[in-house]
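Source file: start_24.txt. Holds: compact mmCIF, C-alpha atoms.
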```
# COMPACT_ATOMS: atom_id res chain seq x y z
CA MET A 1 -31.48 19.63 -2.78
CA LYS A 2 -28.62 19.38 -0.27
CA LEU A 3 -26.32 18.09 -3.01
CA PHE A 4 -27.27 21.06 -5.22
CA LYS A 5 -26.49 23.51 -2.40
CA PHE A 6 -23.12 21.85 -1.81
CA ILE A 7 -22.17 22.02 -5.51
CA ALA A 8 -23.35 25.63 -5.72
CA SER A 9 -21.30 26.56 -2.67
CA PHE A 10 -18.24 24.82 -4.06
CA VAL A 11 -18.57 26.63 -7.40
CA PHE A 12 -19.01 29.91 -5.53
CA LEU A 13 -15.78 29.31 -3.63
CA MET A 14 -13.97 28.56 -6.87
CA VAL A 15 -15.25 31.78 -8.43
CA LEU A 16 -14.36 33.69 -5.28
CA SER A 17 -10.82 32.36 -5.32
CA SER A 18 -10.41 33.06 -9.04
CA SER A 19 -11.14 36.74 -8.46
CA SER A 20 -7.75 37.00 -6.77
CA TYR A 21 -6.00 34.76 -9.28
CA ALA A 22 -3.10 37.15 -9.74
CA GLU A 23 -2.17 36.57 -6.10
CA SER A 24 -2.31 32.76 -6.66
CA THR A 25 -3.62 32.33 -3.10
CA VAL A 26 -6.97 32.28 -1.32
CA SER A 27 -8.03 33.33 2.15
CA ALA A 28 -7.07 31.13 5.09
CA GLU A 29 -10.63 29.88 5.49
CA VAL A 30 -11.08 29.03 1.82
CA GLY A 31 -7.70 27.29 1.85
CA PHE A 32 -8.81 25.32 4.90
CA ILE A 33 -11.91 24.18 3.01
CA PHE A 34 -10.00 23.18 -0.14
CA ASN A 35 -7.33 21.31 1.82
CA THR A 36 -9.92 19.45 3.87
CA PHE A 37 -11.85 18.63 0.71
CA LEU A 38 -8.66 17.24 -0.87
CA PHE A 39 -8.03 14.97 2.12
CA LEU A 40 -11.59 13.65 2.15
CA VAL A 41 -11.92 13.03 -1.59
CA CYS A 42 -8.47 11.48 -1.93
CA GLY A 43 -9.09 9.56 1.27
CA PHE A 44 -12.14 7.78 -0.06
CA LEU A 45 -10.24 6.98 -3.26
CA VAL A 46 -7.58 5.31 -1.12
CA MET A 47 -10.28 3.55 0.89
CA PHE A 48 -11.60 2.12 -2.39
CA MET A 49 -8.20 0.46 -2.76
CA ALA A 50 -9.35 -1.91 0.02
CA ALA A 51 -11.89 -3.26 -2.47
CA GLY A 52 -9.12 -3.51 -5.05
CA PHE A 53 -6.95 -5.59 -2.75
CA ALA A 54 -9.92 -7.82 -1.91
CA MET A 55 -10.70 -8.42 -5.59
CA LEU A 56 -7.06 -8.97 -6.56
CA GLU A 57 -6.49 -11.46 -3.77
CA SER A 58 -9.81 -13.23 -4.35
CA GLY A 59 -8.86 -13.77 -7.97
CA MET A 60 -5.29 -14.89 -7.26
CA VAL A 61 -6.12 -17.61 -4.75
CA THR A 62 -7.74 -20.93 -5.67
CA SER A 63 -11.52 -21.06 -5.57
CA LYS A 64 -11.54 -22.91 -2.22
CA SER A 65 -10.01 -19.92 -0.40
CA VAL A 66 -11.99 -16.92 -1.66
CA SER A 67 -14.44 -16.35 1.19
CA VAL A 68 -11.64 -16.17 3.74
CA ILE A 69 -9.93 -13.50 1.64
CA CYS A 70 -13.09 -11.42 1.80
CA ALA A 71 -13.32 -11.93 5.58
CA LYS A 72 -9.65 -10.98 6.03
CA ASN A 73 -9.95 -7.78 4.02
CA ILE A 74 -13.06 -6.38 5.65
CA GLY A 75 -11.74 -7.54 9.03
CA LEU A 76 -8.33 -5.91 8.65
CA PHE A 77 -9.86 -2.63 7.49
CA SER A 78 -12.04 -2.55 10.60
CA ILE A 79 -9.13 -3.44 12.88
CA VAL A 80 -7.01 -0.68 11.34
CA GLY A 81 -9.75 1.88 11.91
CA LEU A 82 -9.99 0.95 15.58
CA MET A 83 -6.25 0.74 16.24
CA PHE A 84 -5.36 3.92 14.37
CA TRP A 85 -7.97 5.79 16.40
CA LEU A 86 -6.94 4.16 19.69
CA PHE A 87 -3.30 5.23 19.55
CA GLY A 88 -1.84 4.71 16.06
CA TYR A 89 -2.29 8.31 14.95
CA ASN A 90 -0.67 9.78 18.05
CA LEU A 91 2.19 7.29 17.92
CA ALA A 92 3.03 8.85 14.55
CA TYR A 93 2.15 12.50 15.05
CA GLY A 94 2.77 12.80 18.79
CA ILE A 95 6.47 12.26 18.18
CA PRO A 96 8.95 14.94 19.31
CA GLU A 97 10.98 16.65 16.61
CA GLY A 98 13.77 14.32 15.56
CA GLY A 99 12.41 11.62 17.88
CA PHE A 100 11.58 7.95 17.53
CA ILE A 101 8.10 7.32 18.96
CA GLY A 102 4.98 9.25 19.84
CA LYS A 103 2.40 8.71 22.57
CA PHE A 104 -0.05 5.91 23.29
CA LEU A 105 -3.06 8.21 23.38
CA PRO A 106 -6.41 8.11 21.52
CA TRP A 107 -6.92 10.53 18.67
CA SER A 108 -8.80 13.72 19.50
CA ASP A 109 -9.98 16.61 17.34
CA ALA A 110 -8.18 19.91 17.82
CA SER A 111 -9.03 21.52 14.48
CA SER A 112 -8.13 25.15 14.04
CA LEU A 113 -7.91 27.51 11.10
CA GLU A 114 -4.16 27.84 11.60
CA THR A 115 -3.64 24.11 10.95
CA GLY A 116 -4.87 24.56 7.39
CA TYR A 117 -7.21 21.54 7.36
CA SER A 118 -9.66 19.66 9.54
CA ASP A 119 -8.00 17.27 11.96
CA SER A 120 -10.68 14.70 11.23
CA SER A 121 -9.91 14.78 7.52
CA ASP A 122 -6.22 14.21 8.23
CA TRP A 123 -6.98 11.29 10.56
CA TYR A 124 -9.15 9.69 7.88
CA PHE A 125 -6.58 10.22 5.13
CA GLN A 126 -3.74 8.76 7.20
CA MET A 127 -5.88 5.85 8.42
CA VAL A 128 -6.57 4.56 4.91
CA PHE A 129 -2.82 4.65 4.20
CA CYS A 130 -2.36 2.43 7.23
CA ALA A 131 -5.02 0.05 5.91
CA THR A 132 -3.11 -0.23 2.64
CA THR A 133 -0.02 -1.34 4.52
CA VAL A 134 -1.85 -4.16 6.27
CA SER A 135 -3.63 -5.25 3.08
CA ILE A 136 -0.26 -6.02 1.51
CA VAL A 137 0.35 -8.75 4.11
CA SER A 138 -2.99 -10.46 3.56
CA GLY A 139 -2.45 -11.78 0.05
CA THR A 140 1.08 -13.05 0.56
CA LEU A 141 0.06 -15.44 3.36
CA ALA A 142 -3.19 -16.63 1.81
CA GLU A 143 -4.44 -20.23 1.77
CA ARG A 144 -2.52 -21.54 4.77
CA ILE A 145 -2.73 -19.01 7.60
CA LYS A 146 -5.32 -19.08 10.36
CA LEU A 147 -7.72 -16.16 10.34
CA TRP A 148 -7.48 -14.92 13.94
CA PRO A 149 -3.67 -14.92 14.25
CA PHE A 150 -3.68 -12.80 11.09
CA PHE A 151 -6.15 -10.41 12.73
CA LEU A 152 -3.88 -10.14 15.77
CA PHE A 153 -0.90 -9.32 13.58
CA ALA A 154 -3.02 -6.76 11.72
CA ALA A 155 -3.70 -5.03 15.04
CA ILE A 156 0.01 -4.94 15.95
CA LEU A 157 1.10 -3.72 12.51
CA SER A 158 -1.56 -1.00 12.26
CA GLY A 159 -1.50 0.11 15.88
CA ILE A 160 2.24 0.04 16.61
CA LEU A 161 4.71 -0.85 13.85
CA TYR A 162 3.40 1.25 10.98
CA PRO A 163 2.70 4.35 13.11
CA ILE A 164 6.25 4.25 14.49
CA VAL A 165 7.95 4.23 11.07
CA MET A 166 5.39 6.71 9.76
CA GLY A 167 6.34 9.09 12.57
CA TRP A 168 10.03 8.79 11.77
CA GLN A 169 9.45 10.79 8.59
CA TRP A 170 5.94 12.19 8.21
CA GLY A 171 5.63 12.93 11.93
CA GLY A 172 8.86 14.95 11.98
CA GLY A 173 10.99 12.19 13.54
CA TRP A 174 14.63 11.31 13.12
CA LEU A 175 14.47 10.34 9.44
CA ALA A 176 12.89 13.68 8.58
CA SER A 177 15.74 15.43 10.38
CA ILE A 178 18.39 13.72 8.20
CA GLY A 179 16.57 14.56 4.96
CA PHE A 180 14.95 11.24 4.08
CA SER A 181 12.28 11.80 1.41
CA ASP A 182 9.29 9.56 0.73
CA PHE A 183 6.49 11.68 -0.75
CA ALA A 184 3.58 9.23 -0.48
CA GLY A 185 5.13 6.09 0.97
CA SER A 186 7.07 3.79 -1.37
CA THR A 187 8.99 2.68 1.70
CA ILE A 188 6.89 3.97 4.62
CA VAL A 189 3.72 2.26 3.37
CA HIS A 190 4.58 -0.29 0.70
CA SER A 191 7.97 -1.61 1.81
CA THR A 192 6.67 -1.73 5.38
CA GLY A 193 3.83 -3.99 4.29
CA GLY A 194 6.19 -6.02 2.11
CA ALA A 195 8.74 -6.50 4.90
CA ALA A 196 6.03 -7.66 7.31
CA ALA A 197 4.72 -10.04 4.64
CA LEU A 198 8.20 -11.43 3.93
CA ALA A 199 8.76 -12.20 7.61
CA GLY A 200 5.40 -13.93 7.78
CA ALA A 201 6.01 -15.95 4.62
CA ILE A 202 9.34 -17.23 5.95
CA ILE A 203 7.88 -18.27 9.30
CA LEU A 204 4.67 -19.69 7.83
CA GLY A 205 6.25 -21.65 5.00
CA ALA A 206 4.89 -22.40 1.56
CA ARG A 207 1.55 -23.97 0.72
CA THR A 208 1.61 -27.76 0.79
CA GLY A 209 3.03 -29.04 -2.50
CA ARG A 210 3.87 -25.57 -3.82
CA PHE A 211 7.51 -26.50 -4.48
CA SER A 212 9.01 -29.78 -5.66
CA LYS A 213 11.83 -31.56 -3.83
CA LYS A 214 14.22 -29.87 -6.24
CA GLY A 215 12.82 -26.49 -5.25
CA ASP A 216 11.00 -25.76 -8.50
CA PRO A 217 7.49 -24.24 -8.39
CA ALA A 218 4.76 -26.85 -8.83
CA PRO A 219 2.81 -26.95 -12.12
CA LEU A 220 0.05 -24.37 -12.47
CA LYS A 221 -2.65 -26.68 -11.20
CA PRO A 222 -3.74 -26.98 -8.41
CA PHE A 223 -2.39 -23.50 -7.61
CA ALA A 224 -3.98 -21.65 -10.51
CA ALA A 225 -5.63 -18.29 -9.86
CA SER A 226 -9.39 -18.71 -9.55
CA SER A 227 -10.33 -15.62 -11.60
CA ILE A 228 -8.06 -13.53 -13.82
CA PRO A 229 -10.95 -11.11 -14.56
CA LEU A 230 -11.32 -10.50 -10.82
CA VAL A 231 -7.59 -9.82 -10.50
CA THR A 232 -7.83 -7.38 -13.41
CA ILE A 233 -10.74 -5.53 -11.81
CA GLY A 234 -8.79 -5.36 -8.57
CA VAL A 235 -5.74 -3.85 -10.28
CA PHE A 236 -7.84 -1.23 -12.06
CA ILE A 237 -9.43 -0.28 -8.73
CA LEU A 238 -5.98 0.03 -7.16
CA TRP A 239 -4.80 2.10 -10.12
CA LEU A 240 -7.74 4.46 -9.64
CA GLY A 241 -7.20 4.68 -5.89
CA TRP A 242 -3.54 5.54 -6.42
CA PHE A 243 -4.51 8.96 -7.76
CA GLY A 244 -5.86 9.69 -4.29
CA PHE A 245 -2.84 8.07 -2.70
CA ASN A 246 -0.27 10.20 -4.50
CA GLY A 247 -2.37 13.24 -5.37
CA GLY A 248 -3.66 13.70 -1.85
CA SER A 249 -0.11 13.56 -0.50
CA GLN A 250 0.44 17.04 -1.87
CA LEU A 251 -1.51 17.86 1.33
CA SER A 252 -2.84 21.20 0.11
CA MET A 253 -5.07 22.57 -2.64
CA GLY A 254 -5.36 26.26 -1.78
CA THR A 255 -3.07 27.78 -4.41
CA PHE A 256 -2.45 27.77 -8.14
CA ASP A 257 0.84 25.94 -7.56
CA ASP A 258 -0.87 23.23 -5.49
CA ALA A 259 -3.50 22.61 -8.16
CA VAL A 260 -0.83 22.31 -10.84
CA ALA A 261 1.21 19.98 -8.62
CA VAL A 262 -1.72 17.63 -7.96
CA SER A 263 -2.47 17.50 -11.68
CA LYS A 264 1.15 16.70 -12.51
CA ILE A 265 1.18 13.98 -9.86
CA PHE A 266 -1.85 12.38 -11.51
CA ILE A 267 -0.07 12.29 -14.88
CA ASN A 268 3.17 10.87 -13.51
CA THR A 269 1.30 8.28 -11.46
CA ASN A 270 -0.57 7.09 -14.54
CA LEU A 271 2.50 7.01 -16.78
CA ALA A 272 4.50 5.02 -14.23
CA ALA A 273 1.78 2.37 -14.10
CA CYS A 274 1.74 2.21 -17.89
CA GLY A 275 5.51 1.78 -17.94
CA GLY A 276 5.29 -0.99 -15.35
CA VAL A 277 2.69 -2.92 -17.36
CA MET A 278 4.58 -2.78 -20.63
CA ALA A 279 7.95 -3.57 -19.05
CA ALA A 280 6.51 -6.70 -17.42
CA ALA A 281 4.87 -7.70 -20.72
CA ILE A 282 8.11 -7.31 -22.68
CA VAL A 283 10.32 -9.02 -20.09
CA THR A 284 8.07 -12.07 -19.75
CA ARG A 285 7.74 -12.38 -23.52
CA LEU A 286 11.52 -12.33 -23.92
CA MET A 287 12.14 -14.69 -21.00
CA VAL A 288 9.56 -17.43 -21.58
CA GLY A 289 8.11 -16.77 -25.01
CA LYS A 290 4.67 -15.91 -23.63
CA THR A 291 3.18 -12.68 -22.31
CA ASP A 292 2.26 -13.27 -18.66
CA VAL A 293 -0.95 -11.40 -17.80
CA ILE A 294 -0.46 -11.83 -14.05
CA GLN A 295 2.98 -10.26 -14.26
CA MET A 296 1.52 -7.44 -16.37
CA LEU A 297 -1.06 -6.79 -13.67
CA ASN A 298 1.53 -6.89 -10.92
CA GLY A 299 3.77 -4.77 -13.14
CA ALA A 300 1.17 -2.01 -12.95
CA ILE A 301 1.37 -2.18 -9.16
CA GLY A 302 5.17 -2.25 -9.25
CA GLY A 303 5.19 0.88 -11.40
CA LEU A 304 2.72 2.63 -9.11
CA VAL A 305 4.69 1.72 -6.00
CA ALA A 306 7.94 2.91 -7.57
CA ILE A 307 6.64 6.38 -8.45
CA THR A 308 5.00 6.87 -5.06
CA ALA A 309 8.22 8.03 -3.36
CA GLU A 310 8.45 11.04 -5.70
CA PRO A 311 5.50 11.55 -8.09
CA LEU A 312 5.85 15.33 -8.42
CA MET A 313 9.39 16.10 -9.59
CA PRO A 314 9.98 13.62 -12.47
CA THR A 315 9.33 14.57 -16.07
CA PRO A 316 6.73 12.39 -17.81
CA PHE A 317 9.47 10.37 -19.51
CA SER A 318 11.29 9.88 -16.21
CA ALA A 319 8.05 8.68 -14.63
CA ILE A 320 7.68 6.08 -17.38
CA LEU A 321 11.23 4.84 -16.82
CA ILE A 322 10.82 4.70 -13.03
CA GLY A 323 7.61 2.72 -13.45
CA ALA A 324 9.13 0.45 -16.09
CA VAL A 325 11.99 -0.50 -13.79
CA GLY A 326 9.42 -1.19 -11.08
CA GLY A 327 7.54 -3.50 -13.45
CA ALA A 328 10.73 -5.36 -14.41
CA ILE A 329 11.65 -5.71 -10.74
CA VAL A 330 8.33 -7.47 -10.15
CA VAL A 331 9.19 -10.14 -12.74
CA PHE A 332 12.74 -10.76 -11.53
CA GLY A 333 11.70 -10.44 -7.88
CA THR A 334 9.18 -13.24 -8.36
CA LYS A 335 11.95 -15.45 -9.74
CA LEU A 336 14.11 -14.56 -6.74
CA LEU A 337 11.42 -15.62 -4.27
CA PHE A 338 10.98 -18.91 -6.13
CA SER A 339 14.70 -19.61 -5.79
CA PHE A 340 14.36 -19.30 -2.00
CA LYS A 341 11.11 -21.33 -1.94
CA ILE A 342 9.19 -18.36 -0.55
CA ASP A 343 5.51 -18.66 -1.41
CA ASP A 344 3.95 -15.25 -2.09
CA VAL A 345 0.48 -16.06 -3.38
CA VAL A 346 -0.27 -12.68 -4.98
CA GLY A 347 3.23 -11.37 -5.71
CA ALA A 348 3.00 -8.61 -3.10
CA ILE A 349 6.62 -8.80 -1.94
CA PRO A 350 8.17 -8.01 -5.36
CA ALA A 351 5.51 -5.40 -6.15
CA HIS A 352 5.56 -3.57 -2.82
CA LEU A 353 8.83 -4.33 -1.02
CA PHE A 354 11.26 -4.59 -3.93
CA ALA A 355 9.66 -1.94 -6.15
CA GLY A 356 9.26 0.30 -3.10
CA ILE A 357 12.98 0.11 -2.38
CA TRP A 358 13.76 1.00 -6.00
CA GLY A 359 11.34 3.93 -6.04
CA THR A 360 12.77 5.38 -2.82
CA LEU A 361 16.35 5.01 -4.05
CA ALA A 362 15.39 6.74 -7.30
CA VAL A 363 14.18 9.94 -5.60
CA PRO A 364 17.52 11.81 -5.85
CA LEU A 365 17.51 11.19 -9.62
CA THR A 366 14.73 13.75 -10.00
CA ASN A 367 14.72 15.63 -6.67
CA SER A 368 17.93 17.54 -5.99
CA ASN A 369 16.93 18.10 -2.35
CA ALA A 370 17.26 14.36 -1.61
CA SER A 371 20.51 12.42 -1.25
CA PHE A 372 21.29 8.76 -1.84
CA GLY A 373 22.81 8.53 1.63
CA SER A 374 19.69 9.64 3.50
CA GLN A 375 17.50 7.52 1.22
CA LEU A 376 19.57 4.42 1.91
CA ILE A 377 19.49 5.03 5.66
CA GLY A 378 15.70 5.37 5.56
CA ILE A 379 15.21 2.26 3.46
CA VAL A 380 17.46 0.07 5.60
CA SER A 381 16.21 1.33 8.96
CA ILE A 382 12.50 1.03 8.13
CA ASN A 383 12.71 -2.34 6.44
CA MET A 384 15.01 -3.89 9.03
CA PHE A 385 12.92 -2.60 11.94
CA VAL A 386 9.67 -3.87 10.46
CA PHE A 387 11.12 -7.18 9.30
CA ILE A 388 12.83 -8.01 12.61
CA ILE A 389 9.88 -7.06 14.84
CA SER A 390 7.43 -8.80 12.49
CA PHE A 391 9.63 -11.90 12.49
CA ILE A 392 9.60 -11.95 16.29
CA VAL A 393 5.82 -11.46 16.42
CA TRP A 394 5.11 -14.18 13.85
CA MET A 395 7.49 -16.59 15.58
CA SER A 396 5.95 -15.87 18.98
CA MET A 397 2.46 -16.55 17.67
CA LYS A 398 3.66 -19.71 15.95
CA LYS A 399 5.09 -21.04 19.22
CA THR A 400 2.02 -20.12 21.28
CA MET A 401 -1.33 -19.96 19.50
CA GLY A 402 -0.21 -21.41 16.16
CA ILE A 403 -0.53 -19.60 12.85
CA ARG A 404 -0.78 -22.34 10.23
CA LEU A 405 -3.70 -24.53 9.28
CA SER A 406 -3.31 -28.29 9.39
CA LYS A 407 -2.48 -30.10 6.16
CA GLU A 408 -5.99 -31.56 6.08
CA ALA A 409 -7.61 -28.15 6.54
CA GLU A 410 -5.39 -26.65 3.85
CA ILE A 411 -6.37 -29.37 1.37
CA LYS A 412 -10.06 -28.86 2.13
CA GLY A 413 -9.62 -25.16 1.63
CA THR A 414 -9.70 -22.24 4.02
CA ASP A 415 -13.30 -21.41 3.11
CA VAL A 416 -14.48 -24.72 4.58
CA SER A 417 -11.97 -25.07 7.42
CA GLU A 418 -11.96 -21.47 8.67
CA ILE A 419 -15.41 -19.96 8.11
CA GLY A 420 -17.63 -22.64 6.58
CA VAL A 421 -18.81 -20.49 3.67
CA ILE A 422 -17.77 -21.38 0.11
CA ALA A 423 -17.53 -18.67 -2.51
CA TYR A 424 -18.32 -20.70 -5.61
CA ALA A 425 -20.50 -23.73 -6.32
CA ILE A 426 -17.95 -24.92 -8.92
CA ARG A 427 -14.74 -25.96 -7.21
CA ASP A 428 -11.17 -26.56 -8.42
```
Now, as a test, write the supplied structure out as structure tokens.
Amino acid sequence: MKLFKFIASFVFLMVLSSSSYAESTVSAEVGFIFNTFLFLVCGFLVMFMAAGFAMLESGMVTSKSVSVICAKNIGLFSIVGLMFWLFGYNLAYGIPEGGFIGKFLPWSDASSLETGYSDSSDWYFQMVFCATTVSIVSGTLAERIKLWPFFLFAAILSGILYPIVMGWQWGGGWLASIGFSDFAGSTIVHSTGGAAALAGAIILGARTGRFSKKGDPAPLKPFAASSIPLVTIGVFILWLGWFGFNGGSQLSMGTFDDAVAVSKIFINTNLAACGGVMAAAIVTRLMVGKTDVIQMLNGAIGGLVAITAEPLMPTPFSAILIGAVGGAIVVFGTKLLFSFKIDDVVGAIPAHLFAGIWGTLAVPLTNSNASFGSQLIGIVSINMFVFIISFIVWMSMKKTMGIRLSKEAEIKGTDVSEIGVIAYAIRD
């Protein structure tokens, strides 16, 4: 009955707003309701991406490390929720205009009609973006990192590092004042997570036996993904959640123009993912004579990350090209990491860091209000800040509490050595 009343009320509001269609606007209160509704609906789509990351990572690791992946993902999401409430939100949005850092204060609700949306809905929407950033780190460092040092880093990244760089642009900080543009976070979210993951991967080192003495990647076994179907499900969930990620970043739904913009963002987001998939499929076929399904799946993510910096302004064809370049970057970025003996278990660094840099650089190609100079400054400053601080944090933890499992524990598998719960009865 309550659901029926809600649907009826929503339909009534739509009819009410359509009566003044010629004005292409609604009243302040109706706009407040639509904007809040957009944040909440898109927010729970982005939250569902946490399940996507968990499934993708669970499928990409070996079967002896699946349970820990599940523990890490539900743990990090909970840590993010606590830290972003404690002071993360106000570190980002309590920043002075053109400033560098906000305030270490807990979030509080100060909703008003003039704001245009409920403060609670905005906190929720921004919190799930923060969770996405931390999720990127999880998969890269899988199968050899201790659980609790990872949780500590998740708290630092979600409570301090991400909110600071978020505030530089979205909070009206210094990058916003120089014209840096990142619509939904190719750099602010995805490159931030990728830079933190890269620092961790360098400090942590590769899995035992992952590279030969010559530096070549080891044969597929014993490092084969435990479940390609699970990875595929995870990518489809992420693809679905991305419509909330990019569509919700329009931040308003109270006018005709806003509704058209959100719809266009959905189309461009989808086309970019399609371009990323097919580019990865073609490149791998040409390079090795086989079509690599894992690279196709990561190509989808690379395409989605690339379009995230500007999903509104490109034409459909431009969106396909931007996504296709993102997908190709994933393939070549993976090769680059191999050459440096950097072990990224799920391919998150090429898909999020490298493709995020490309997507942010590409913004001026379709948005005349952005410049390559301001984009480059934003990319370099955010990635260097996150990488350097993350490197220091990882190194400090390595020297004090230790971050890597013993060789014996790694061979047994993190499921046995870290939590004592195995995911599958059939083992590698």
Would you write out, as CSV, a table of all residues in range 138-224 of chain A that have an atom no more than 12 Å from an atom of range 400-404 of chain A, listing for each the closest atom pair and the distance in Å to one decimal, considering only C-alpha atoms and ordering rows by chain and rising residue number?
```
residue,atom,partner,partner_atom,distance
A:Leu141,CA,A:Arg404,CA,9.8
A:Ala142,CA,A:Arg404,CA,10.5
A:Glu143,CA,A:Arg404,CA,9.5
A:Arg144,CA,A:Arg404,CA,5.8
A:Ile145,CA,A:Arg404,CA,4.7
A:Lys146,CA,A:Ile403,CA,5.4
A:Leu147,CA,A:Ile403,CA,8.4
A:Trp148,CA,A:Ile403,CA,8.4
A:Pro149,CA,A:Ile403,CA,5.8
A:Phe150,CA,A:Ile403,CA,7.7
A:Phe151,CA,A:Ile403,CA,10.8
A:Leu152,CA,A:Ile403,CA,10.5
A:Phe153,CA,A:Ile403,CA,10.3
A:Gly200,CA,A:Ile403,CA,9.6
A:Ala201,CA,A:Arg404,CA,10.9
A:Ile203,CA,A:Ile403,CA,9.2
A:Leu204,CA,A:Arg404,CA,6.5
A:Gly205,CA,A:Arg404,CA,8.8
A:Ala206,CA,A:Arg404,CA,10.4
A:Arg207,CA,A:Arg404,CA,9.9
A:Thr208,CA,A:Arg404,CA,11.1
```
Who sits within 12 Å of Ile267 in chain A, all atoms listed in the file, same chain under 3 positions skipped, as a short mmCIF file (atom, residue, chain, number, x, y, z; two decimals) with C-alpha atoms, keeping the file's coordinate frame:
```cif
data_model
loop_
_atom_site.label_atom_id
_atom_site.label_comp_id
_atom_site.auth_asym_id
_atom_site.auth_seq_id
_atom_site.Cartn_x
_atom_site.Cartn_y
_atom_site.Cartn_z
CA TRP A 242 -3.54 5.54 -6.42
CA PHE A 243 -4.51 8.96 -7.76
CA ASN A 246 -0.27 10.20 -4.50
CA GLY A 247 -2.37 13.24 -5.37
CA VAL A 260 -0.83 22.31 -10.84
CA ALA A 261 1.21 19.98 -8.62
CA VAL A 262 -1.72 17.63 -7.96
CA SER A 263 -2.47 17.50 -11.68
CA LYS A 264 1.15 16.70 -12.51
CA ASN A 270 -0.57 7.09 -14.54
CA LEU A 271 2.50 7.01 -16.78
CA ALA A 272 4.50 5.02 -14.23
CA ALA A 273 1.78 2.37 -14.10
CA CYS A 274 1.74 2.21 -17.89
CA LEU A 304 2.72 2.63 -9.11
CA ILE A 307 6.64 6.38 -8.45
CA PRO A 311 5.50 11.55 -8.09
CA LEU A 312 5.85 15.33 -8.42
CA MET A 313 9.39 16.10 -9.59
CA PRO A 314 9.98 13.62 -12.47
CA THR A 315 9.33 14.57 -16.07
CA PRO A 316 6.73 12.39 -17.81
CA PHE A 317 9.47 10.37 -19.51
CA SER A 318 11.29 9.88 -16.21
CA ALA A 319 8.05 8.68 -14.63
CA ILE A 320 7.68 6.08 -17.38
#
```
(message) Which residues are close to range 160-170 of chain A, i.e. within 7 Å by all atoms listed in the file, leaving aside same-chain residues fewer than 6 positions away? Reply as a PyMOL selection string.
(response) chain A and resi 88-89+91-93+95+100-101+130+176+188+382+386
(message) Here is a test: counting only C-alpha atoms, which residue of A:Gly193, A:Ala281, A:Val288, A:Ser252 is nearest to Phe354 in chain A?
(response) A:Gly193
(request) Write out as a list in words which residues come within 8 Å of Pro96 in chain A when counting only C-alpha atoms, dropping same-chain ones fewer than 5 positions away. (result) Ile101, Gly102, Gly172 and Gly173 of chain A
(message) Please list as a ChimeraX atom specification every residue within 6 Å of range 109-125 of chain A, counting all atoms listed in the file and excluding residues in the same chain fewer than 6 positions away.
(response) /A:32,35-36,39-40,43
So that I can check the surroundings of Thr334 in chain A, please list as a PDB file with C-alpha atoms, in the frame of the given file every protein, DNA and RNA residue that reaches within 9 Å of it, counting all atoms listed in the file and ignoring chain neighbours fewer than 3 positions away.
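What ended up in result_15.pdb:
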```pdb
ATOM      1  CA  ILE A 329      11.650  -5.710 -10.740  1.00  0.00           C
ATOM      2  CA  VAL A 330       8.330  -7.470 -10.150  1.00  0.00           C
ATOM      3  CA  VAL A 331       9.190 -10.140 -12.740  1.00  0.00           C
ATOM      4  CA  LEU A 337      11.420 -15.620  -4.270  1.00  0.00           C
ATOM      5  CA  PHE A 338      10.980 -18.910  -6.130  1.00  0.00           C
ATOM      6  CA  SER A 339      14.700 -19.610  -5.790  1.00  0.00           C
ATOM      7  CA  ASP A 344       3.950 -15.250  -2.090  1.00  0.00           C
ATOM      8  CA  GLY A 347       3.230 -11.370  -5.710  1.00  0.00           C
ATOM      9  CA  ILE A 349       6.620  -8.800  -1.940  1.00  0.00           C
ATOM     10  CA  PRO A 350       8.170  -8.010  -5.360  1.00  0.00           C
ATOM     11  CA  ALA A 351       5.510  -5.400  -6.150  1.00  0.00           C
TER      12      ALA A 351
END
```
(request) Go through A:Thr255, A:Asp216, A:Ile419, A:Gln295 one by one, measure the shortest atom-to-atom distance of each to Lys72 in chain A using all atoms listed in the file, and give the residue with the smallest value. (result) A:Ile419
(message) Just checking: using all atoms listed in the file, which residue out of A:Met287, A:Leu405, A:Val421, A:Ile379 ends up closest to Thr192 in chain A?
(response) A:Ile379
(message) Residues proximal to (-7.6, 27.5, 0.8) were defined as those with any atom within 7 Å of that point in the file's coordinates, counting all atoms listed in the file. Which are they, as a ChimeraX atom specification?
(response) /A:26-35,253-255
(message) Here's a test: counting all atoms listed in the file, identify every protein, DNA and RNA residue with an atom at most 9 Å from (-3.7, 1.7, 17.8) in the file's coordinate frame, and state them as an MDAnalysis selection string.
(response) chainID A and resid 79:91 104:106 155:160 163
(request) Quick one: pull the distance between CA of Thr366 in chain A and CA of Ala348 in chain A, Å, one decimal. (result) 26.2 Å
(request) Enter the distance from CA of Phe385 in chain A to CA of Gly98 in chain A, in Å, rounded to one decimal. (result) 17.3 Å
Hey, could you pull the box centre and edge lengths for range 198-208 of chain A, axis-aligned, 4 Å padding per side, all listed atoms, to one decimal in Å, as lines of an AutoDock Vina configuration file?
```
center_x = 5.4
center_y = -19.6
center_z = 5.0
size_x = 15.8
size_y = 24.3
size_z = 16.6
```
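Checking A:Val363, A:Ala300, A:Cys42, A:Leu238 one by one against Gly185 in chain A, counting all atoms listed in the file, you find the shortest gap at A:Val363.
Minimum distance to His352 in chain A across A:Ile294, A:Ala197, A:Val231, A:Ile411 (counting all atoms listed in the file) occurs at A:Ala197.
Of note, CA of Ser135 in chain A and CA of Gly59 in chain A are spaced 14.9 Å apart.
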(request) Could you check which of A:Met127, A:Val137, A:Leu321, A:Leu251 is closest to Ala199 in chain A, using only C-alpha atoms? (result) A:Val137
